[in-house]
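Here's the structure we're looking at; comments come further down.
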Protein chains: 2
Amino acid sequence: MRAPTERQPAPETSDRILDAAEALFVEHGFEATTMRMITSRADANIAAVNYHFGSKDALIQEVFKRRLTELNRQRLAKLDRLEAEAKGAPLKPSRIVEAFFGTALEMAADTEHGGHTFMRLLGRTYTEPNGFVRQFLAEEYAEAVERFLTALYRALPDVPREEILWRFHFMMGAMSYAIAGTDALQLFAGKFDDAAPERLLPRLMSFLLGGLRAPLPGQGVPGENGKGAPTRP
Amino acid sequence: MRAPTERQPAPETSDRILDAAEALFVEHGFEATTMRMITSRADANIAAVNYHFGSKDALIQEVFKRRLTELNRQRLAKLDRLEAEAKGAPLKPSRIVEAFFGTALEMAADTEHGGHTFMRLLGRTYTEPNGFVRQFLAEEYAEAVERFLTALYRALPDVPREEILWRFHFMMGAMSYAIAGTDALQLFAGKFDDAAPERLLPRLMSFLLGGLRAPLPGQGVPGENGKGAPTRP
DNA sequence: CCATGAATCAAACGATTGATTGAATCATAC
DNA sequence: GTATGATTCAATCAATCGTTTGATTCATGG
C-alpha cells in the first residue's frame with residue numbers, strides 16, 4: 001500500500017498537485033503553504049501528497065525538478081550549438097549571456113504552460129533560507145553554471161575570472177528581479193505602464209551586457225570617465 | 001499590566017529580542033523562525049515578545065523599521081547634499097547611483113553593529129511573498145524611491161522614463177545579490193576567493209553604471225554592436 | 001516601609017501543522 | 001466474475017505554533 005510502481009505515465013492527480021503547489025508557493029512561500037491548501041486546490045485528498053511524493057519536502061523538490069531540468073537542458077543545448085558553430089573559437093559574450101538568461105526569460109514569457117509561474121518562484125527561491133532547497137538548487141545548477149562560466153572565461157580572457165564570477169552573480173540578481181517584475185515589491189506600483197514580456201527580453205539584455213562590459217573597477221574613480229548617458233544604438 | 005509607558009530609553013530586553021530576531025530571520029526566514037527560538041536566543045521569556053511588541057508581526061515590522069528608517073534617512077541626506085552642491089543643475093547619474101546603492105553597501109559592510117546581518121535580510125525580503133511585509137517595506141521606501149527616480153529623470157532627460165524605471169529595478173536586483181553574496185545560493189560555492197566587502201562597492205558600482213548607461217534596446221540587435229570586452233579604465 | 005506599576009515568569013490555551021492509519025473504491029488482467 | 005494492486009478517502013495522530021493568563025519579582029518614589 002506504499003509507493004506506487006511507476007508503470008503508467010502519469011495518473012493526473014500528481015500533476016494537479018504539482019501545478020497547485022507551484023502556484024501556491026509563488027503566492028505564499030513554502031512554509032506558509034499548507035498541505036491542505038495544496039490538496040484542496042488540486043481537488044485531491046489530504047493524504048494524496050504523501051502517497052504520491054512521500055513528504056512535503058519531496059514535493060517541493062519535485063516542483064523544481066520538473067521545470068529546472070528542462071530549463072538547463074535547453075540552456076546547454078543552445079551553448080552546444082553555439083560552440084559547434086564557432087568551431088573552437090571563443091564565443092561572443094553577448095551570445096553566451098543570451099543563451100543563459102534569454103532562455104530563462106523565454107520560459108518566463110510562457111504563461112500558457114505555467115512557465116511564468118515557475119520562473120517567478122525560481123527567482124525568489126535563489127535567496128531562500130531553507131537549507132535543503134538551496135542545496136538541491138545548487139546541485140541542479142552545477143553543470144550549467146560550470147559550462148557557462150568556462151565559456152565566459154574563454155570569451156573574456158583579459159578579464160580576471162573573479163570579476164566575471166561577480167558579474168555573473170550580479171546578472172543573476174538583475175534577472176530575478178526582472179522576472180519577479182512588478183510583483184516583486186510594490187516599490188514601483190503603478191509606475192510600470194508596460195509590463196509586456198516581449199519587451200522585457202531586450203531591456204534586460206541591454207542592461208546585462210552593459211554591466212558585463214563595463215569598465216573594470218580599477219584605479220579610476222567609477223563614474224568619472226563618461227558623460228553618463230546611455231547611447232542610442 | 002499591558003503596554004509599557006515609554007519613559008525610559010530602552011530596558012535592554014526589547015533590544016536583545018530585536019537583535020535575536022534579526023539574526024534568526026536571516027538564517028531561517030520569518031515563518032520558520034519561532035517565538036521560542038527568538039526568546040531563547042535573547043535570553044528572555046516566551047511572553048516577552050508579546051509584552052514588548054504586541055505580536056510576532058509587529059516584531060517583524062520593528063526589526064525593519066529600526067534600520068530602514070536610518071538607511072533611507074542617510075540616502076536622502078546624501079541626495080540633499082548633492083543637489084545643494086549642484087545649485088539646480090542636473091546631477092551626474094553616477095553620483096545618484098552611488099548615493100542610493102553605495103549607502104546600502106556601506107551599511108552592509110558594517111559587521112560590528114548588525115548592519116551586515118540586516119542588509120542580508122533586507123535583500124531577500126524584497127521578494128518576500130508575505131503581504132503585510134511587502135506593503136510595509138513599500139511605504140517605508142516610498143519617499144526615497146520617489147526622490148531618487150526624479151533625480152534620475154532629470155539626469156537622463158533623453159532616456160524614456162520607463163527605461164529608467166526598469167533599470168533601477170534591475171539595479172536593485174543586482175545589489176540584493178551582491179549583498180547576499182556567497183550565502184545567497186551555493187551556486188558559486190568555493191569559487192569566491194575574495195569576498196572582501198571593501199572591494200565589493202567598486203565592483204558593484206561599475207556593473208550598475210555599465211548597465212544604466214548601456215545602449216537602449218532599440219532597432220539594433222543587442223550585442224551586435226561591440227567587441228564585447230570590458231575596457232580597462 | 002510600603003505602595004505602584006513595569007517587567008518577568010511558568011504554565012497552559014486553542015488552533016493548526018505534516019503525517020499516518022485502515023478501510024473503501026477503482027481499474028485492470030485472467 | 002473475481003483476484004490483485006493502485007488509488008482515494010475520512011478520521012485521527014502527536015507535535016508545534018502564536019498567544020494569553022495570573023502570579024511573582026523588581027525598581028522606584030513618597
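Residue numbering restarts at 1 in every chain; chains get A, B, ... in the order shown in the C-alpha cells, and ligands count up from 1 in that same order.
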Give me, as a Markdown table, the closest atom pair and its distance (Å, one decimal) for every residue of chain A within a cut-off of 8 Å of chain C, counting only C-alpha atoms (C1' of nucleotides), rows sorted by chain and rising number.
```
| residue | atom | partner | partner_atom | distance |
| --- | --- | --- | --- | --- |
| A:Thr34 | CA | C:DT17 | C1' | 7.8 |
| A:Met35 | CA | C:DG18 | C1' | 7.4 |
| A:Asn50 | CA | C:DA19 | C1' | 7.7 |
| A:Lys56 | CA | C:DG18 | C1' | 7.6 |
```
Limited to all heavy atoms, could you put the picked residues into a file as an mmCIF file, in the first residue's frame?
```cif
data_model
loop_
_atom_site.group_PDB
_atom_site.id
_atom_site.type_symbol
_atom_site.label_atom_id
_atom_site.label_comp_id
_atom_site.auth_asym_id
_atom_site.auth_seq_id
_atom_site.Cartn_x
_atom_site.Cartn_y
_atom_site.Cartn_z
ATOM 1 N N THR A 34 0.194 25.294 3.078
ATOM 2 C CA THR A 34 -0.052 24.058 3.820
ATOM 3 C C THR A 34 -0.474 22.938 2.874
ATOM 4 O O THR A 34 -0.936 23.181 1.754
ATOM 5 C CB THR A 34 -1.154 24.267 4.867
ATOM 6 O OG1 THR A 34 -2.412 24.446 4.205
ATOM 7 C CG2 THR A 34 -0.864 25.485 5.724
ATOM 8 N N MET A 35 -0.328 21.729 3.353
ATOM 9 C CA MET A 35 -0.752 20.566 2.565
ATOM 10 C C MET A 35 -2.235 20.659 2.229
ATOM 11 O O MET A 35 -2.664 20.250 1.147
ATOM 12 C CB MET A 35 -0.489 19.290 3.364
ATOM 13 C CG MET A 35 0.927 19.161 3.874
ATOM 14 S SD MET A 35 2.016 18.480 2.638
ATOM 15 C CE MET A 35 1.848 16.738 3.011
ATOM 16 N N ASN A 50 1.397 12.776 0.393
ATOM 17 C CA ASN A 50 2.310 11.792 0.984
ATOM 18 C C ASN A 50 2.289 10.476 0.211
ATOM 19 O O ASN A 50 3.284 9.770 0.160
ATOM 20 C CB ASN A 50 1.927 11.558 2.454
ATOM 21 C CG ASN A 50 2.362 12.715 3.320
ATOM 22 O OD1 ASN A 50 3.512 12.809 3.712
ATOM 23 N ND2 ASN A 50 1.445 13.624 3.592
ATOM 24 N N LYS A 56 6.200 16.616 2.193
ATOM 25 C CA LYS A 56 6.092 17.964 1.641
ATOM 26 C C LYS A 56 7.419 18.412 1.029
ATOM 27 O O LYS A 56 7.438 19.014 -0.048
ATOM 28 C CB LYS A 56 5.666 18.937 2.744
ATOM 29 C CG LYS A 56 5.394 20.346 2.247
ATOM 30 C CD LYS A 56 5.087 21.291 3.398
ATOM 31 C CE LYS A 56 4.820 22.703 2.891
ATOM 32 N NZ LYS A 56 4.559 23.647 4.000
#
```
Margin query: Quick check for you: according to DSSP on this backbone, which residues of range 35-197 of chain A are classed as helix (DSSP H, G or I)? Reply as a PyMOL selection string.
Written below: chain A and resi 35-41+48-52+56-86+93-109+115-125+131-155+161-183+186-188+197
With only C-alpha atoms (C1' of nucleotides) counted and 10 Å as the cut-off, give the residues of chain D in contact with chain A, each with its shortest interatomic distance in Å and the pair that gives it, as a tab-separated table.
```
residue	atom	partner	partner_atom	distance
D:DG5	C1'	A:Met1	CA	8.3
D:DA6	C1'	A:Pro4	CA	6.8
D:DT7	C1'	A:Ala48	CA	8.9
D:DT8	C1'	A:Asn45	CA	7.0
D:DC9	C1'	A:Asn45	CA	7.0
D:DA10	C1'	A:Asn45	CA	9.5
```
Next item on the list: Find the residues near Gly102 in chain B: any atom within 8 Å, counting only C-alpha atoms (C1' of nucleotides), skip ones fewer than 5 places away on the same chain, and give them as number ranges by chain.
Entry: B: 97, 201, 205
Could you write out that same residue set with N, CA, C and O atoms as a CSV table (one decimal), in the first residue's frame?
```csv
chain,number,residue,atom,x,y,z
B,97,VAL,N,23.4,57.1,-8.4
B,97,VAL,CA,23.5,55.7,-8.1
B,97,VAL,C,24.4,55.4,-6.9
B,97,VAL,O,24.0,54.6,-6.0
B,201,LEU,N,32.1,47.2,-3.2
B,201,LEU,CA,31.5,48.5,-3.6
B,201,LEU,C,31.9,48.9,-5.0
B,201,LEU,O,31.1,49.2,-5.9
B,205,MET,N,29.5,49.0,-8.3
B,205,MET,CA,29.2,50.3,-8.9
B,205,MET,C,29.6,50.3,-10.4
B,205,MET,O,28.8,50.8,-11.2
```
Notebook entry, point to check: Using only C-alpha atoms, which of the listed residues (B:Glu106, B:Glu31, B:Glu112, B:Glu140) sits closest to chain A?
Noted result: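 For chain A, the nearest of the given residues is B:Glu31.
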Note to self: Taking 2 positions as the minimum chain separation for residues in the same chain, which residues sit within 10 Å of Asn72 in chain A when counting only C-alpha atoms (C1' of nucleotides)? Answer as a list in words.
What the structure shows: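 My reading of the contact set: Arg67, Leu68, Thr69, Glu70, Gln74, Arg75, Leu76, Ala77, Lys78, Phe100, Thr103, Ala104, Glu140, Tyr141, Ala142, Glu143, Ala144 and Val145 of chain A.
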Check: What lies within 10 Å of Glu198 in chain B using only C-alpha atoms (C1' of nucleotides), ignoring chain neighbours under 5 positions off, as a ChimeraX atom specification?
Finding: /B:105-106,109,203
Please produce a file of those selected residues containing N, CA and C atoms, as an mmCIF file, in the first residue's frame.
```cif
data_model
loop_
_atom_site.group_PDB
_atom_site.id
_atom_site.type_symbol
_atom_site.label_atom_id
_atom_site.label_comp_id
_atom_site.auth_asym_id
_atom_site.auth_seq_id
_atom_site.Cartn_x
_atom_site.Cartn_y
_atom_site.Cartn_z
ATOM 1 N N LEU B 105 25.443 49.653 0.629
ATOM 2 C CA LEU B 105 26.611 48.785 0.765
ATOM 3 C C LEU B 105 27.480 49.175 1.946
ATOM 4 N N GLU B 106 27.472 50.460 2.260
ATOM 5 C CA GLU B 106 28.205 50.866 3.454
ATOM 6 C C GLU B 106 27.606 50.242 4.699
ATOM 7 N N ALA B 109 28.513 46.722 4.904
ATOM 8 C CA ALA B 109 29.898 46.457 5.257
ATOM 9 C C ALA B 109 30.134 46.551 6.757
ATOM 10 N N ARG B 203 33.198 47.134 -7.349
ATOM 11 C CA ARG B 203 32.745 46.103 -8.300
ATOM 12 C C ARG B 203 31.296 46.316 -8.690
#
```
Near Ala32 in chain B, within 12 Å and counting only C-alpha atoms (C1' of nucleotides), which residues show up once chain neighbours fewer than 2 positions away are dropped, as a PDB file with N, CA and C atoms (P, O5', C5', C4', C3', O3' and C1' of nucleotides), in the first residue's frame?
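Output file result-v3.pdb is given in full below:
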```pdb
ATOM      1  N   GLY A  29       4.795  31.353  -0.459  1.00  0.00           N
ATOM      2  CA  GLY A  29       6.042  30.792   0.034  1.00  0.00           C
ATOM      3  C   GLY A  29       5.863  29.344   0.465  1.00  0.00           C
ATOM      4  N   PHE A  30       6.968  28.710   0.779  1.00  0.00           N
ATOM      5  CA  PHE A  30       6.917  27.279   1.096  1.00  0.00           C
ATOM      6  C   PHE A  30       6.252  26.999   2.431  1.00  0.00           C
ATOM      7  N   GLU A  31       6.719  27.672   3.443  1.00  0.00           N
ATOM      8  CA  GLU A  31       6.242  27.390   4.795  1.00  0.00           C
ATOM      9  C   GLU A  31       4.767  27.739   4.953  1.00  0.00           C
ATOM     10  N   ALA A  32       4.391  28.864   4.374  1.00  0.00           N
ATOM     11  CA  ALA A  32       3.022  29.341   4.577  1.00  0.00           C
ATOM     12  C   ALA A  32       2.015  28.560   3.732  1.00  0.00           C
ATOM     13  N   GLU A 128      16.363  31.791  -0.954  1.00  0.00           N
ATOM     14  CA  GLU A 128      15.613  31.039   0.052  1.00  0.00           C
ATOM     15  C   GLU A 128      16.537  30.577   1.182  1.00  0.00           C
ATOM     16  N   PRO A 129      16.142  30.838   2.419  1.00  0.00           N
ATOM     17  CA  PRO A 129      16.972  30.423   3.542  1.00  0.00           C
ATOM     18  C   PRO A 129      16.990  28.903   3.726  1.00  0.00           C
ATOM     19  N   ASN A 130      15.879  28.282   3.412  1.00  0.00           N
ATOM     20  CA  ASN A 130      15.731  26.846   3.657  1.00  0.00           C
ATOM     21  C   ASN A 130      16.906  26.055   3.077  1.00  0.00           C
ATOM     22  N   GLY A 131      17.580  25.343   3.962  1.00  0.00           N
ATOM     23  CA  GLY A 131      18.813  24.673   3.589  1.00  0.00           C
ATOM     24  C   GLY A 131      18.682  23.647   2.486  1.00  0.00           C
TER      25      GLY A 131
ATOM     26  N   ALA B  21      15.979  38.307  16.782  1.00  0.00           N
ATOM     27  CA  ALA B  21      15.031  38.085  15.691  1.00  0.00           C
ATOM     28  C   ALA B  21      15.686  38.382  14.351  1.00  0.00           C
ATOM     29  N   LEU B  24      17.978  35.550  13.369  1.00  0.00           N
ATOM     30  CA  LEU B  24      17.264  34.305  13.079  1.00  0.00           C
ATOM     31  C   LEU B  24      16.450  34.416  11.792  1.00  0.00           C
ATOM     32  N   PHE B  25      15.912  35.609  11.527  1.00  0.00           N
ATOM     33  CA  PHE B  25      15.159  35.799  10.285  1.00  0.00           C
ATOM     34  C   PHE B  25      16.066  35.586   9.071  1.00  0.00           C
ATOM     35  N   VAL B  26      17.298  36.068   9.153  1.00  0.00           N
ATOM     36  CA  VAL B  26      18.239  35.852   8.062  1.00  0.00           C
ATOM     37  C   VAL B  26      18.498  34.360   7.876  1.00  0.00           C
ATOM     38  N   GLU B  27      18.641  33.675   9.008  1.00  0.00           N
ATOM     39  CA  GLU B  27      19.054  32.275   8.953  1.00  0.00           C
ATOM     40  C   GLU B  27      17.933  31.360   8.471  1.00  0.00           C
ATOM     41  N   HIS B  28      16.705  31.627   8.925  1.00  0.00           N
ATOM     42  CA  HIS B  28      15.623  30.663   8.669  1.00  0.00           C
ATOM     43  C   HIS B  28      14.405  31.258   7.980  1.00  0.00           C
ATOM     44  N   GLY B  29      14.349  32.568   7.825  1.00  0.00           N
ATOM     45  CA  GLY B  29      13.139  33.183   7.288  1.00  0.00           C
ATOM     46  C   GLY B  29      12.138  33.498   8.390  1.00  0.00           C
ATOM     47  N   PHE B  30      11.087  34.206   8.019  1.00  0.00           N
ATOM     48  CA  PHE B  30      10.122  34.663   9.023  1.00  0.00           C
ATOM     49  C   PHE B  30       9.291  33.520   9.590  1.00  0.00           C
ATOM     50  N   THR B  34      10.595  30.691  15.077  1.00  0.00           N
ATOM     51  CA  THR B  34       9.525  30.651  16.073  1.00  0.00           C
ATOM     52  C   THR B  34       9.820  31.616  17.212  1.00  0.00           C
ATOM     53  N   MET B  35       8.762  31.963  17.893  1.00  0.00           N
ATOM     54  CA  MET B  35       8.901  32.844  19.051  1.00  0.00           C
ATOM     55  C   MET B  35       9.839  32.237  20.085  1.00  0.00           C
ATOM     56  N   ARG B  36       9.787  30.947  20.202  1.00  0.00           N
ATOM     57  CA  ARG B  36      10.633  30.280  21.204  1.00  0.00           C
ATOM     58  C   ARG B  36      12.100  30.346  20.825  1.00  0.00           C
ATOM     59  N   MET B  37      12.391  30.266  19.529  1.00  0.00           N
ATOM     60  CA  MET B  37      13.777  30.423  19.082  1.00  0.00           C
ATOM     61  C   MET B  37      14.265  31.833  19.411  1.00  0.00           C
ATOM     62  N   ILE B  38      13.420  32.817  19.150  1.00  0.00           N
ATOM     63  CA  ILE B  38      13.810  34.206  19.375  1.00  0.00           C
ATOM     64  C   ILE B  38      14.077  34.485  20.847  1.00  0.00           C
TER      65      ILE B  38
ATOM     66  P    DT D  16       8.057  18.955  18.375  1.00  0.00           P
ATOM     67  O5'  DT D  16       7.451  20.360  17.929  1.00  0.00           O
ATOM     68  C5'  DT D  16       7.095  20.557  16.560  1.00  0.00           C
ATOM     69  C4'  DT D  16       6.196  21.765  16.446  1.00  0.00           C
ATOM     70  C3'  DT D  16       6.664  22.971  17.276  1.00  0.00           C
ATOM     71  O3'  DT D  16       6.952  24.053  16.402  1.00  0.00           O
ATOM     72  C1'  DT D  16       4.334  22.633  17.442  1.00  0.00           C
ATOM     73  P    DC D  17       7.649  25.393  16.919  1.00  0.00           P
ATOM     74  O5'  DC D  17       6.556  26.507  16.600  1.00  0.00           O
ATOM     75  C5'  DC D  17       5.999  26.555  15.277  1.00  0.00           C
ATOM     76  C4'  DC D  17       4.647  27.216  15.315  1.00  0.00           C
ATOM     77  C3'  DC D  17       4.599  28.482  16.160  1.00  0.00           C
ATOM     78  O3'  DC D  17       5.017  29.583  15.381  1.00  0.00           O
ATOM     79  C1'  DC D  17       2.661  27.111  16.521  1.00  0.00           C
TER      80       DC D  17
END
```
Next item on the list: Name the closest residue to Asp15 in chain A among the candidates A:Leu71, A:Ala178, A:Val49, A:Leu137; distances are taken between atoms, counting only C-alpha atoms.
Entry: A:Val49
Checklist line | Who sits within 12 Å of Ser176 in chain B, only C-alpha atoms (C1' of nucleotides), same chain under 2 positions skipped, as a ChimeraX atom specification | finding: /A:124,126-127,169-177 /B:101,104-105,108,118-127,169-174,178-184,204
Selection export as a CSV table (one decimal), in the first residue's frame, atoms kept: N, CA and C atoms:
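The new file selection-v3.csv reads:
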```csv
chain,number,residue,atom,x,y,z
A,124,ARG,N,12.6,34.0,-6.7
A,124,ARG,CA,12.6,34.3,-5.3
A,124,ARG,C,13.2,33.2,-4.5
A,126,TYR,N,16.1,31.8,-5.2
A,126,TYR,CA,17.6,31.9,-5.1
A,126,TYR,C,18.1,32.4,-3.8
A,127,THR,N,17.2,33.1,-3.1
A,127,THR,CA,17.6,33.7,-1.8
A,127,THR,C,16.9,33.0,-0.7
A,169,HIS,N,27.1,36.8,-11.1
A,169,HIS,CA,26.3,36.9,-9.9
A,169,HIS,C,25.3,38.0,-9.9
A,170,PHE,N,25.9,39.2,-10.3
A,170,PHE,CA,25.0,40.4,-10.4
A,170,PHE,C,23.9,40.2,-11.5
A,171,MET,N,24.3,39.6,-12.6
A,171,MET,CA,23.3,39.4,-13.6
A,171,MET,C,22.2,38.4,-13.2
A,172,MET,N,22.6,37.5,-12.4
A,172,MET,CA,21.5,36.6,-11.8
A,172,MET,C,20.5,37.4,-11.0
A,173,GLY,N,21.0,38.3,-10.2
A,173,GLY,CA,20.2,39.2,-9.4
A,173,GLY,C,19.2,40.0,-10.3
A,174,ALA,N,19.8,40.7,-11.3
A,174,ALA,CA,19.0,41.5,-12.1
A,174,ALA,C,17.9,40.7,-12.8
A,175,MET,N,18.3,39.5,-13.3
A,175,MET,CA,17.3,38.7,-13.9
A,175,MET,C,16.1,38.3,-13.0
A,176,SER,N,16.5,37.9,-11.8
A,176,SER,CA,15.5,37.6,-10.8
A,176,SER,C,14.5,38.7,-10.6
A,177,TYR,N,15.0,39.9,-10.5
A,177,TYR,CA,14.0,41.0,-10.3
A,177,TYR,C,13.3,41.3,-11.6
B,101,PHE,N,22.8,53.3,-3.8
B,101,PHE,CA,23.3,51.9,-3.6
B,101,PHE,C,24.6,51.9,-2.8
B,104,ALA,N,23.7,51.8,0.9
B,104,ALA,CA,23.3,50.5,1.3
B,104,ALA,C,24.5,49.6,1.5
B,105,LEU,N,25.4,49.7,0.6
B,105,LEU,CA,26.6,48.8,0.8
B,105,LEU,C,27.5,49.2,1.9
B,108,ALA,N,25.9,47.5,4.7
B,108,ALA,CA,26.2,46.1,4.6
B,108,ALA,C,27.6,45.7,5.0
B,118,PHE,N,21.5,42.8,8.8
B,118,PHE,CA,20.2,43.3,8.4
B,118,PHE,C,20.1,43.5,6.8
B,119,MET,N,21.2,43.9,6.2
B,119,MET,CA,21.1,44.0,4.7
B,119,MET,C,20.9,42.7,4.0
B,120,ARG,N,21.5,41.7,4.6
B,120,ARG,CA,21.2,40.3,4.0
B,120,ARG,C,19.7,40.0,4.1
B,121,LEU,N,19.2,40.4,5.3
B,121,LEU,CA,17.8,40.1,5.5
B,121,LEU,C,16.9,41.0,4.5
B,122,LEU,N,17.3,42.2,4.4
B,122,LEU,CA,16.6,43.1,3.5
B,122,LEU,C,16.6,42.7,2.1
B,123,GLY,N,17.8,42.2,1.6
B,123,GLY,CA,17.9,41.8,0.2
B,123,GLY,C,17.0,40.6,-0.1
B,124,ARG,N,16.8,39.7,0.8
B,124,ARG,CA,16.0,38.6,0.5
B,124,ARG,C,14.5,38.9,0.8
B,125,THR,N,14.2,40.0,1.4
B,125,THR,CA,12.9,40.3,1.7
B,125,THR,C,12.2,41.1,0.6
B,126,TYR,N,13.0,41.6,-0.3
B,126,TYR,CA,12.4,42.3,-1.5
B,126,TYR,C,11.4,41.4,-2.2
B,127,THR,N,11.7,40.1,-2.2
B,127,THR,CA,10.9,39.2,-2.9
B,127,THR,C,10.0,38.3,-2.0
B,169,HIS,N,15.1,49.1,-11.3
B,169,HIS,CA,14.6,47.8,-10.8
B,169,HIS,C,15.7,46.7,-11.0
B,170,PHE,N,16.4,46.6,-12.1
B,170,PHE,CA,17.5,45.7,-12.3
B,170,PHE,C,18.6,45.9,-11.4
B,171,MET,N,18.9,47.2,-11.1
B,171,MET,CA,20.0,47.5,-10.2
B,171,MET,C,19.7,47.1,-8.8
B,172,MET,N,18.4,47.2,-8.4
B,172,MET,CA,18.0,46.7,-7.1
B,172,MET,C,18.3,45.2,-7.0
B,173,GLY,N,18.0,44.5,-8.1
B,173,GLY,CA,18.2,43.0,-8.1
B,173,GLY,C,19.7,42.7,-7.9
B,174,ALA,N,20.5,43.4,-8.7
B,174,ALA,CA,22.0,43.1,-8.7
B,174,ALA,C,22.5,43.4,-7.3
B,178,ALA,N,24.4,41.1,-4.6
B,178,ALA,CA,25.7,41.4,-4.2
B,178,ALA,C,25.8,41.3,-2.7
B,179,ILE,N,24.8,41.8,-2.0
B,179,ILE,CA,24.9,41.8,-0.5
B,179,ILE,C,24.7,40.4,0.0
B,180,ALA,N,23.7,39.7,-0.6
B,180,ALA,CA,23.5,38.3,-0.2
B,180,ALA,C,24.8,37.5,-0.4
B,181,GLY,N,25.6,37.9,-1.4
B,181,GLY,CA,26.9,37.4,-1.6
B,181,GLY,C,27.0,35.9,-1.7
B,182,THR,N,27.9,35.4,-1.1
B,182,THR,CA,28.2,33.9,-1.3
B,182,THR,C,27.0,33.1,-0.7
B,183,ASP,N,26.4,33.6,0.3
B,183,ASP,CA,25.4,32.8,1.0
B,183,ASP,C,24.0,32.9,0.4
B,184,ALA,N,23.9,33.6,-0.8
B,184,ALA,CA,22.6,33.7,-1.4
B,184,ALA,C,22.3,32.3,-2.0
B,204,LEU,N,30.5,46.4,-7.7
B,204,LEU,CA,29.0,46.6,-8.0
B,204,LEU,C,28.8,47.9,-8.7
```
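A straight line drawn from CA of Glu139 in chain B to C1' of DG18 in chain D is 26.2 Å long.
Counting from C1' of DC13 in chain D, the distance to CA of Leu18 in chain A is 26.0 Å.
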